[in-house]
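One file, protein.txt, is given below (compact mmCIF, C-alpha atoms and all ligand atoms).
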```txt
# COMPACT_ATOMS: atom_id res chain seq x y z
CA MET A 1 13.54 16.71 -5.76
CA ALA A 2 14.96 18.08 -8.98
CA GLU A 3 12.81 16.01 -11.31
CA LYS A 4 9.31 14.65 -10.80
CA ARG A 5 10.00 11.31 -9.21
CA ASN A 6 7.44 8.78 -8.11
CA ILE A 7 6.80 7.93 -4.49
CA PHE A 8 5.51 4.44 -3.78
CA LEU A 9 3.97 3.74 -0.39
CA VAL A 10 4.24 0.15 0.78
CA GLY A 11 3.23 -1.47 4.05
CA PRO A 12 0.55 -3.63 5.58
CA MET A 13 -3.21 -3.21 5.71
CA GLY A 14 -4.05 -0.45 8.18
CA ALA A 15 -0.69 1.34 7.90
CA GLY A 16 -2.43 4.43 6.55
CA LYS A 17 -1.05 4.29 2.99
CA SER A 18 -4.07 5.89 1.32
CA THR A 19 -4.63 8.66 3.87
CA ILE A 20 -0.95 9.54 4.15
CA GLY A 21 -0.55 9.24 0.37
CA ARG A 22 -3.25 11.83 -0.25
CA HIS A 23 -1.60 14.32 2.10
CA LEU A 24 1.80 13.67 0.59
CA ALA A 25 0.54 14.14 -2.96
CA GLN A 26 -1.18 17.39 -2.03
CA MET A 27 1.90 18.75 -0.25
CA LEU A 28 4.22 17.85 -3.14
CA HIS A 29 1.78 18.78 -5.92
CA LEU A 30 1.87 15.25 -7.31
CA GLU A 31 -0.97 13.07 -8.60
CA PHE A 32 -2.31 10.54 -6.11
CA HIS A 33 -3.18 6.97 -7.09
CA ASP A 34 -4.21 3.91 -5.12
CA SER A 35 -3.79 0.44 -6.64
CA ASP A 36 -6.96 -0.96 -5.03
CA GLN A 37 -9.01 1.99 -6.23
CA GLU A 38 -7.58 1.63 -9.72
CA ILE A 39 -8.59 -2.06 -9.76
CA GLU A 40 -12.08 -1.05 -8.67
CA GLN A 41 -12.28 1.56 -11.42
CA ARG A 42 -11.11 -0.86 -14.09
CA THR A 43 -13.42 -3.69 -13.04
CA GLY A 44 -16.35 -1.52 -12.02
CA ALA A 45 -16.60 -3.68 -8.91
CA ASP A 46 -15.16 -3.63 -5.42
CA ILE A 47 -12.13 -5.60 -4.20
CA ALA A 48 -14.33 -8.09 -2.32
CA TRP A 49 -16.15 -8.89 -5.57
CA VAL A 50 -12.87 -9.47 -7.40
CA PHE A 51 -11.74 -11.87 -4.65
CA ASP A 52 -15.11 -13.64 -4.72
CA VAL A 53 -15.30 -14.09 -8.44
CA GLU A 54 -11.66 -14.39 -9.51
CA GLY A 55 -10.06 -15.55 -6.28
CA GLU A 56 -6.94 -14.05 -4.73
CA GLU A 57 -4.96 -15.26 -7.73
CA GLY A 58 -7.11 -13.24 -10.13
CA PHE A 59 -6.83 -10.21 -7.86
CA ARG A 60 -3.01 -10.50 -7.83
CA VAL A 61 -2.88 -10.57 -11.64
CA ARG A 62 -4.93 -7.37 -11.76
CA GLU A 63 -2.82 -5.78 -9.03
CA ALA A 64 0.42 -6.52 -10.90
CA GLN A 65 -0.99 -5.01 -14.09
CA VAL A 66 -2.23 -1.87 -12.38
CA ILE A 67 1.07 -1.29 -10.57
CA ALA A 68 3.07 -1.92 -13.76
CA ASP A 69 0.90 0.64 -15.60
CA LEU A 70 0.81 3.30 -12.90
CA SER A 71 4.52 3.08 -12.12
CA GLU A 72 5.23 4.06 -15.75
CA LYS A 73 3.89 7.50 -14.95
CA GLN A 74 6.05 10.31 -13.60
CA GLY A 75 5.38 12.42 -10.58
CA ILE A 76 2.83 10.30 -8.77
CA VAL A 77 2.29 9.11 -5.24
CA LEU A 78 1.02 5.53 -5.35
CA ALA A 79 -0.49 3.71 -2.38
CA THR A 80 0.06 0.01 -3.10
CA GLY A 81 -1.99 -2.89 -1.74
CA GLY A 82 -0.38 -4.53 1.29
CA GLY A 83 0.20 -7.85 -0.48
CA SER A 84 1.76 -6.47 -3.65
CA VAL A 85 5.34 -6.86 -2.38
CA GLN A 86 4.99 -10.63 -2.43
CA SER A 87 5.48 -10.44 -6.19
CA LYS A 88 9.13 -10.15 -7.20
CA ASP A 89 8.10 -8.43 -10.44
CA ILE A 90 6.22 -5.77 -8.51
CA ARG A 91 9.13 -5.27 -6.11
CA ASN A 92 11.43 -4.78 -9.09
CA HIS A 93 9.05 -2.31 -10.75
CA LEU A 94 8.73 -0.25 -7.60
CA SER A 95 12.45 -0.16 -6.88
CA ALA A 96 13.28 0.81 -10.45
CA ARG A 97 10.68 3.49 -10.91
CA GLY A 98 10.56 5.57 -7.78
CA ILE A 99 11.32 6.11 -4.13
CA VAL A 100 9.83 3.36 -1.98
CA VAL A 101 8.50 4.45 1.40
CA TYR A 102 7.64 1.74 3.91
CA LEU A 103 4.94 2.78 6.38
CA GLU A 104 5.65 0.66 9.41
CA THR A 105 3.06 0.05 12.09
CA THR A 106 2.18 -2.26 14.96
CA ILE A 107 -0.21 -5.19 14.78
CA ASP A 108 -2.37 -3.48 17.43
CA LYS A 109 -2.79 -0.40 15.25
CA GLN A 110 -3.51 -2.54 12.21
CA VAL A 111 -6.21 -4.44 14.07
CA ALA A 112 -7.77 -1.21 15.34
CA ARG A 113 -7.70 0.56 11.98
CA THR A 114 -8.93 -2.37 9.90
CA GLN A 115 -11.80 -3.09 12.31
CA ARG A 116 -13.22 0.31 11.49
CA ASP A 117 -13.20 -0.66 7.81
CA LYS A 118 -14.60 -4.09 7.07
CA ARG A 119 -13.84 -4.16 3.36
CA ARG A 120 -10.71 -6.31 3.28
CA PRO A 121 -11.49 -9.88 2.16
CA LEU A 122 -8.43 -11.45 3.83
CA LEU A 123 -9.62 -10.16 7.20
CA GLN A 124 -13.16 -11.55 7.04
CA VAL A 125 -12.18 -14.32 9.46
CA ASP A 126 -12.71 -15.09 13.16
CA ASP A 127 -9.22 -13.99 14.13
CA PRO A 128 -7.95 -11.15 11.91
CA ARG A 129 -5.05 -10.51 14.31
CA GLU A 130 -3.66 -13.96 13.58
CA VAL A 131 -3.88 -13.32 9.83
CA LEU A 132 -2.14 -9.96 10.21
CA GLU A 133 0.62 -11.55 12.32
CA ASN A 134 1.21 -14.32 9.80
CA LEU A 135 1.28 -11.88 6.89
CA ALA A 136 3.68 -9.60 8.79
CA GLU A 137 6.14 -12.44 9.21
CA ILE A 138 6.24 -13.04 5.47
CA ARG A 139 5.93 -9.49 4.23
CA ASN A 140 7.78 -7.23 6.67
CA PRO A 141 11.20 -8.41 5.43
CA LEU A 142 10.03 -7.71 1.86
CA TYR A 143 8.87 -4.18 2.71
CA GLU A 144 12.24 -3.60 4.36
CA GLU A 145 14.15 -5.06 1.42
CA ILE A 146 12.80 -2.49 -1.05
CA ALA A 147 12.39 0.51 1.26
CA ASP A 148 14.40 3.66 0.59
CA VAL A 149 12.70 5.38 3.51
CA ILE A 150 11.01 3.84 6.56
CA VAL A 151 8.53 5.83 8.67
CA LYS A 152 6.49 4.70 11.67
CA THR A 153 2.81 5.53 11.48
CA ASP A 154 1.65 4.45 14.96
CA ASP A 155 0.91 7.58 16.91
CA GLN A 156 1.25 10.44 14.47
CA SER A 157 -1.37 12.12 12.34
CA ALA A 158 -1.25 11.50 8.60
CA LYS A 159 -0.05 15.06 7.99
CA ILE A 160 2.87 14.71 10.39
CA VAL A 161 3.88 11.40 8.80
CA ALA A 162 3.69 13.03 5.35
CA ASN A 163 6.02 15.79 6.59
CA GLN A 164 8.46 13.23 7.99
CA ILE A 165 8.53 11.49 4.63
CA ILE A 166 9.20 14.77 2.81
CA GLU A 167 12.13 15.50 5.14
CA GLN A 168 13.71 12.19 4.13
CA LEU A 169 13.27 12.37 0.35
C1 LIG B 1 -4.38 -6.84 0.74
C2 LIG B 1 -4.41 -5.50 1.08
C3 LIG B 1 -5.48 -4.60 0.62
C4 LIG B 1 -6.06 -5.08 -0.71
C5 LIG B 1 -6.50 -6.50 -0.59
C6 LIG B 1 -5.36 -7.45 -0.19
C7 LIG B 1 -3.29 -7.67 1.29
O1 LIG B 1 -4.96 -3.28 0.44
O2 LIG B 1 -5.11 -4.95 -1.72
O3 LIG B 1 -7.56 -6.55 0.32
O4 LIG B 1 -3.02 -8.76 0.75
O5 LIG B 1 -2.64 -7.22 2.27
P1 LIG B 1 -4.54 -2.32 1.67
O6 LIG B 1 -3.14 -2.65 2.04
O7 LIG B 1 -4.65 -0.96 1.08
O8 LIG B 1 -5.50 -2.55 2.76
```

Could the structure of this file be written out as structure tokens, please?
Ligand code: S3P
Amino acid sequence: MAEKRNIFLVGPMGAGKSTIGRHLAQMLHLEFHDSDQEIEQRTGADIAWVFDVEGEEGFRVREAQVIADLSEKQGIVLATGGGSVQSKDIRNHLSARGIVVYLETTIDKQVARTQRDKRRPLLQVDDPREVLENLAEIRNPLYEEIADVIVKTDDQSAKIVANQIIEQL
């Protein structure tokens, strides 16, 4: 990469965006950011609180603002929330301001990874698999639409996936 470009990681909950993003940023000497973490820093509360108090709609407004702000920077790796691609504005921002990397994974892996981490409000239901399947149907075509690079994250370690991404930049 001649200039310091941005790398935006998109993909569903449990794809490994934050873990892989940290490795990638370290390997490329770029700053790492995470849109959920940024929302938590700005509100001083966790994502579940934002959903509780402001609803998903309020969360999406914050998410759009955070991604618009962070994508103005140069030379960052940004892990985006899994639902951010449903906004056309966000898709446009990401496409215009960096290389979009879609971390693709299976529903089985998503279920396994998100069970270990109970913090996601959309998955606090009896059947999280069904939610993940329904979201995948809507969102996977959107991830694909804006992806410059697509990498599978099923069986590989985060470091290996980060290396595969670097090879394709
Ligand atoms: C969401 C994904 C989460 C977080 C919020 C909503 C979604 O981020 O933004 O819980 O709509 O898929 P991760 O993709 O980092 O889990």

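The two atoms in question, atom CA of A:Gly14 and atom CA of A:His29, are spaced 24.5 Å apart.
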
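In this structure, atom CA of A:Ile7 sits 4.9 Å away from atom CA of A:Ile99.
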
At a cut-off of 9 Å, using all atoms listed in the file, what residues contact stretch 93-95 of chain A? Leave out same-chain residues fewer than 3 positions from it and give the result as number ranges by chain. A: 7-8, 67-68, 71-72, 88-90, 98-100, 146-148

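The space separating atom CA of A:Thr106 from atom CA of A:Val125 comes to 19.5 Å.
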
Counting only C-alpha atoms and all ligand atoms, which residues of chain A fall within 7 Å of ligand LIG 1 (chain B), and what is the closest atom pair for each with its distance in Å at one decimal, ordered by chain and rising number, as JSON lines?
```
{"residue": "A:Gly11", "atom": "CA", "partner": "B:LIG1", "partner_atom": "O6", "distance": 6.8}
{"residue": "A:Pro12", "atom": "CA", "partner": "B:LIG1", "partner_atom": "O6", "distance": 5.2}
{"residue": "A:Met13", "atom": "CA", "partner": "B:LIG1", "partner_atom": "O6", "distance": 3.7}
{"residue": "A:Gly14", "atom": "CA", "partner": "B:LIG1", "partner_atom": "O8", "distance": 6.0}
{"residue": "A:Lys17", "atom": "CA", "partner": "B:LIG1", "partner_atom": "O7", "distance": 6.6}
{"residue": "A:Ser18", "atom": "CA", "partner": "B:LIG1", "partner_atom": "O7", "distance": 6.9}
{"residue": "A:Asp36", "atom": "CA", "partner": "B:LIG1", "partner_atom": "O2", "distance": 5.5}
{"residue": "A:Ile47", "atom": "CA", "partner": "B:LIG1", "partner_atom": "O3", "distance": 6.5}
{"residue": "A:Thr80", "atom": "CA", "partner": "B:LIG1", "partner_atom": "O7", "distance": 6.4}
{"residue": "A:Gly81", "atom": "CA", "partner": "B:LIG1", "partner_atom": "O1", "distance": 3.7}
{"residue": "A:Gly82", "atom": "CA", "partner": "B:LIG1", "partner_atom": "O6", "distance": 3.4}
{"residue": "A:Gly83", "atom": "CA", "partner": "B:LIG1", "partner_atom": "O4", "distance": 3.6}
{"residue": "A:Ser84", "atom": "CA", "partner": "B:LIG1", "partner_atom": "O4", "distance": 6.9}
{"residue": "A:Arg120", "atom": "CA", "partner": "B:LIG1", "partner_atom": "O3", "distance": 4.3}
{"residue": "A:Pro121", "atom": "CA", "partner": "B:LIG1", "partner_atom": "O3", "distance": 5.5}
{"residue": "A:Leu122", "atom": "CA", "partner": "B:LIG1", "partner_atom": "O3", "distance": 6.1}
```

Please save C-alpha atoms of the selected residues as a CSV table (one decimal), in the frame of the given file.
```
chain,number,residue,atom,x,y,z
A,11,GLY,CA,3.2,-1.5,4.0
A,12,PRO,CA,0.6,-3.6,5.6
A,13,MET,CA,-3.2,-3.2,5.7
A,14,GLY,CA,-4.0,-0.4,8.2
A,17,LYS,CA,-1.0,4.3,3.0
A,18,SER,CA,-4.1,5.9,1.3
A,36,ASP,CA,-7.0,-1.0,-5.0
A,47,ILE,CA,-12.1,-5.6,-4.2
A,80,THR,CA,0.1,0.0,-3.1
A,81,GLY,CA,-2.0,-2.9,-1.7
A,82,GLY,CA,-0.4,-4.5,1.3
A,83,GLY,CA,0.2,-7.8,-0.5
A,84,SER,CA,1.8,-6.5,-3.6
A,120,ARG,CA,-10.7,-6.3,3.3
A,121,PRO,CA,-11.5,-9.9,2.2
A,122,LEU,CA,-8.4,-11.4,3.8
```

List as CSV every residue of stretch 26-88 of chain A that is in contact with stretch 150-169 of chain A, defined as an atom at most 12 Å from one of its atoms (using only C-alpha atoms), together with the nearest atom pair and the distance in Å rounded to one decimal, sorted by chain and then rising number.
```
residue,atom,partner,partner_atom,distance
A:Gln26,CA,A:Ala162,CA,9.9
A:Met27,CA,A:Ala162,CA,8.2
A:Leu28,CA,A:Ile166,CA,8.3
A:Val77,CA,A:Ala162,CA,11.4
```

Name the residues in contact with A:Leu123 at a cut-off of 12 Å, using only C-alpha atoms, excluding same-chain residues fewer than 2 positions from it; report them as an MDAnalysis selection string. chainID A and resid 13:14 48 110:111 113:121 125:135

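Here the question is which of A:Val10, A:Ala136, A:Val50, A:Leu78 gets nearest to A:Leu103 using only C-alpha atoms, and that residue is A:Val10.
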